[in-house]
>>> print(open('upload.cif').read())   # mmCIF, C-alpha atoms
data_run
loop_
_atom_site.group_PDB
_atom_site.id
_atom_site.type_symbol
_atom_site.label_atom_id
_atom_site.label_comp_id
_atom_site.auth_asym_id
_atom_site.auth_seq_id
_atom_site.Cartn_x
_atom_site.Cartn_y
_atom_site.Cartn_z
ATOM 1 C CA MET A 768 30.588 -12.046 16.979
ATOM 2 C CA ALA A 769 30.523 -9.492 14.203
ATOM 3 C CA ILE A 770 26.729 -9.322 13.863
ATOM 4 C CA ILE A 771 24.980 -7.480 16.704
ATOM 5 C CA ILE A 772 21.216 -7.751 17.206
ATOM 6 C CA ASN A 773 19.571 -4.633 18.631
ATOM 7 C CA ILE A 774 15.967 -5.818 18.880
ATOM 8 C CA ASP A 775 15.934 -5.025 22.608
ATOM 9 C CA VAL A 776 16.921 -1.412 21.870
ATOM 10 C CA MET A 777 14.089 -0.990 19.353
ATOM 11 C CA MET A 778 11.634 -2.724 21.676
ATOM 12 C CA ALA A 779 12.563 -0.284 24.453
ATOM 13 C CA LYS A 780 12.156 2.697 22.114
ATOM 14 C CA ARG A 781 8.700 1.426 21.114
ATOM 15 C CA LYS A 782 7.842 0.427 24.707
ATOM 16 C CA MET A 783 6.964 -3.079 23.561
ATOM 17 C CA GLN A 784 7.423 -6.222 25.609
ATOM 18 C CA LEU A 785 8.915 -9.445 24.261
ATOM 19 C CA GLY A 786 5.657 -11.385 24.599
ATOM 20 C CA THR A 787 3.706 -8.745 22.720
ATOM 21 C CA LEU A 788 6.211 -8.615 19.850
ATOM 22 C CA ALA A 789 6.391 -12.426 19.680
ATOM 23 C CA GLU A 790 2.602 -12.633 19.433
ATOM 24 C CA ARG A 791 2.411 -9.986 16.706
ATOM 25 C CA VAL A 792 5.267 -11.574 14.716
ATOM 26 C CA GLN A 793 3.801 -15.049 15.326
ATOM 27 C CA ILE A 794 6.919 -16.689 16.747
ATOM 28 C CA THR A 795 7.404 -18.138 20.207
ATOM 29 C CA PRO A 796 8.755 -15.885 22.943
ATOM 30 C CA ALA A 797 11.603 -18.392 23.379
ATOM 31 C CA ASN A 798 12.645 -18.065 19.717
ATOM 32 C CA LEU A 799 12.415 -14.276 19.877
ATOM 33 C CA SER A 800 14.558 -14.346 23.012
ATOM 34 C CA ILE A 801 17.192 -16.464 21.234
ATOM 35 C CA LEU A 802 17.223 -13.964 18.386
ATOM 36 C CA LYS A 803 17.305 -10.993 20.764
ATOM 37 C CA THR A 804 20.313 -12.314 22.672
ATOM 38 C CA GLY A 805 22.286 -12.920 19.480
ATOM 39 C CA LYS A 806 22.361 -16.700 19.912
ATOM 40 C CA ALA A 807 20.424 -17.403 16.697
ATOM 41 C CA LYS A 808 22.358 -18.745 13.724
ATOM 42 C CA ALA A 809 19.914 -17.387 11.125
ATOM 43 C CA ILE A 810 16.721 -15.388 10.635
ATOM 44 C CA ARG A 811 14.115 -15.780 7.919
ATOM 45 C CA PHE A 812 13.448 -12.719 5.830
ATOM 46 C CA SER A 813 9.727 -13.119 6.560
ATOM 47 C CA THR A 814 10.479 -12.942 10.300
ATOM 48 C CA LEU A 815 12.772 -9.948 9.835
ATOM 49 C CA GLU A 816 10.091 -8.235 7.764
ATOM 50 C CA ALA A 817 7.441 -8.874 10.432
ATOM 51 C CA ILE A 818 9.716 -7.564 13.206
ATOM 52 C CA CYS A 819 10.478 -4.418 11.208
ATOM 53 C CA ARG A 820 6.776 -3.927 10.476
ATOM 54 C CA GLU A 821 5.786 -4.246 14.139
ATOM 55 C CA LEU A 822 8.647 -2.094 15.446
ATOM 56 C CA ASP A 823 8.266 0.423 12.592
ATOM 57 C CA CYS A 824 11.963 0.288 11.749
ATOM 58 C CA GLN A 825 14.458 -0.733 9.086
ATOM 59 C CA PRO A 826 16.546 -3.946 9.182
ATOM 60 C CA GLY A 827 19.643 -1.815 9.836
ATOM 61 C CA ASP A 828 18.021 -0.524 13.021
ATOM 62 C CA ILE A 829 18.055 -4.001 14.540
ATOM 63 C CA ILE A 830 20.987 -5.716 12.806
ATOM 64 C CA GLU A 831 24.439 -4.178 13.019
ATOM 65 C CA TYR A 832 27.823 -5.313 11.725
ATOM 66 C CA ARG A 833 30.926 -4.733 13.844
ATOM 67 C CA PRO A 834 34.211 -6.236 12.703
ATOM 68 C CA ASP A 835 35.881 -8.569 15.178
ATOM 69 C CA GLU A 836 38.888 -7.026 16.870
ATOM 70 C CA GLU A 837 42.116 -8.870 16.243
#
>>> encode(input="upload.cif", output="structure tokens")
Amino acid sequence: MAIIINIDVMMAKRKMQLGTLAERVQITPANLSILKTGKAKAIRFSTLEAICRELDCQPGDIIEYRPDEE
């Protein structure tokens, strides 16, 4: 997949656990886990904004584009 999700990296840098972030962002830990593992098909801008607010980061810190190798 060309889109890489680095939420786990930012969570580690901020020393924040998944349950804590999920509570602060007001989504279920299961949905945050799906997003974190890159299995999500989409993300709402309001959710992305809340994650960035809580992790004190920019969207580019947690979402990365890498072209597929051919």
>>> atom_distance(input="upload.cif", atom1="CA of Leu802 (chain A)", atom2="CA of Ile770 (chain A)")
11.5 Å
>>> resolve_selection(input="upload.cif", expression="the PyMOL selection byres ((chain A and resi 830-832) around 7)", output="number ranges by chain")
A: 769-773, 826-829, 833-834
>>> atom_distance(input="upload.cif", atom1="CA of Arg820 (chain A)", atom2="CA of Ile801 (chain A)")
19.5 Å
>>> closest_residue(input="upload.cif", among="A:Val776, A:Gln793, A:Glu836, A:Gln784", to="Thr814 (chain A)", atoms="all atoms listed in the file")
A:Gln793
>>> closest_residue(input="upload.cif", among="A:Leu822, A:Gly805, A:Leu815, A:Leu799", to="Gly786 (chain A)", atoms="only C-alpha atoms")
A:Leu799
>>> resolve_selection(input="upload.cif", expression="the PyMOL selection byres ((chain A and resi 787-792) around 12)", output="JSON, numbers by chain")
{"A": [774, 775, 777, 778, 779, 781, 782, 783, 784, 785, 786, 793, 794, 795, 796, 797, 798, 799, 800, 801, 802, 803, 811, 813, 814, 815, 816, 817, 818, 819, 820, 821, 822, 823]}
>>> build_atoms(input="upload.cif", residues="region 784-804 of chain A", atoms="N, CA and C atoms", output="short mmCIF file (atom, residue, chain, number, x, y, z; two decimals), in the coordinates of the input")
data_model
loop_
_atom_site.label_atom_id
_atom_site.label_comp_id
_atom_site.auth_asym_id
_atom_site.auth_seq_id
_atom_site.Cartn_x
_atom_site.Cartn_y
_atom_site.Cartn_z
N GLN A 784 6.87 -5.08 24.88
CA GLN A 784 7.42 -6.22 25.61
C GLN A 784 7.65 -7.40 24.66
N LEU A 785 8.54 -8.30 25.08
CA LEU A 785 8.91 -9.44 24.26
C LEU A 785 7.70 -10.30 23.89
N GLY A 786 6.84 -10.56 24.86
CA GLY A 786 5.66 -11.38 24.60
C GLY A 786 4.72 -10.77 23.58
N THR A 787 4.56 -9.46 23.66
CA THR A 787 3.71 -8.74 22.72
C THR A 787 4.28 -8.82 21.31
N LEU A 788 5.57 -8.56 21.17
CA LEU A 788 6.21 -8.62 19.85
C LEU A 788 6.15 -10.03 19.30
N ALA A 789 6.43 -11.03 20.12
CA ALA A 789 6.39 -12.43 19.68
C ALA A 789 5.00 -12.79 19.16
N GLU A 790 3.97 -12.36 19.86
CA GLU A 790 2.60 -12.63 19.43
C GLU A 790 2.30 -11.97 18.10
N ARG A 791 2.68 -10.72 17.95
CA ARG A 791 2.41 -9.99 16.71
C ARG A 791 3.20 -10.54 15.51
N VAL A 792 4.41 -11.04 15.77
CA VAL A 792 5.27 -11.57 14.72
C VAL A 792 4.96 -13.06 14.47
N GLN A 793 4.21 -13.65 15.39
CA GLN A 793 3.80 -15.05 15.33
C GLN A 793 4.99 -16.01 15.42
N ILE A 794 5.88 -15.74 16.39
CA ILE A 794 6.92 -16.69 16.75
C ILE A 794 6.86 -16.86 18.27
N THR A 795 7.47 -17.90 18.76
CA THR A 795 7.40 -18.14 20.21
C THR A 795 8.28 -17.12 20.94
N PRO A 796 7.91 -16.78 22.16
CA PRO A 796 8.76 -15.88 22.94
C PRO A 796 10.16 -16.45 23.12
N ALA A 797 10.28 -17.77 23.22
CA ALA A 797 11.60 -18.39 23.38
C ALA A 797 12.47 -18.15 22.14
N ASN A 798 11.88 -18.30 20.95
CA ASN A 798 12.64 -18.07 19.72
C ASN A 798 13.01 -16.60 19.56
N LEU A 799 12.11 -15.70 19.93
CA LEU A 799 12.42 -14.28 19.88
C LEU A 799 13.53 -13.94 20.87
N SER A 800 13.51 -14.56 22.02
CA SER A 800 14.56 -14.35 23.01
C SER A 800 15.92 -14.82 22.49
N ILE A 801 15.95 -15.96 21.83
CA ILE A 801 17.19 -16.46 21.23
C ILE A 801 17.71 -15.47 20.20
N LEU A 802 16.82 -14.95 19.39
CA LEU A 802 17.22 -13.96 18.39
C LEU A 802 17.71 -12.69 19.06
N LYS A 803 16.99 -12.24 20.07
CA LYS A 803 17.30 -10.99 20.76
C LYS A 803 18.67 -11.03 21.44
N THR A 804 19.04 -12.19 21.96
CA THR A 804 20.31 -12.31 22.67
C THR A 804 21.49 -12.58 21.73
#
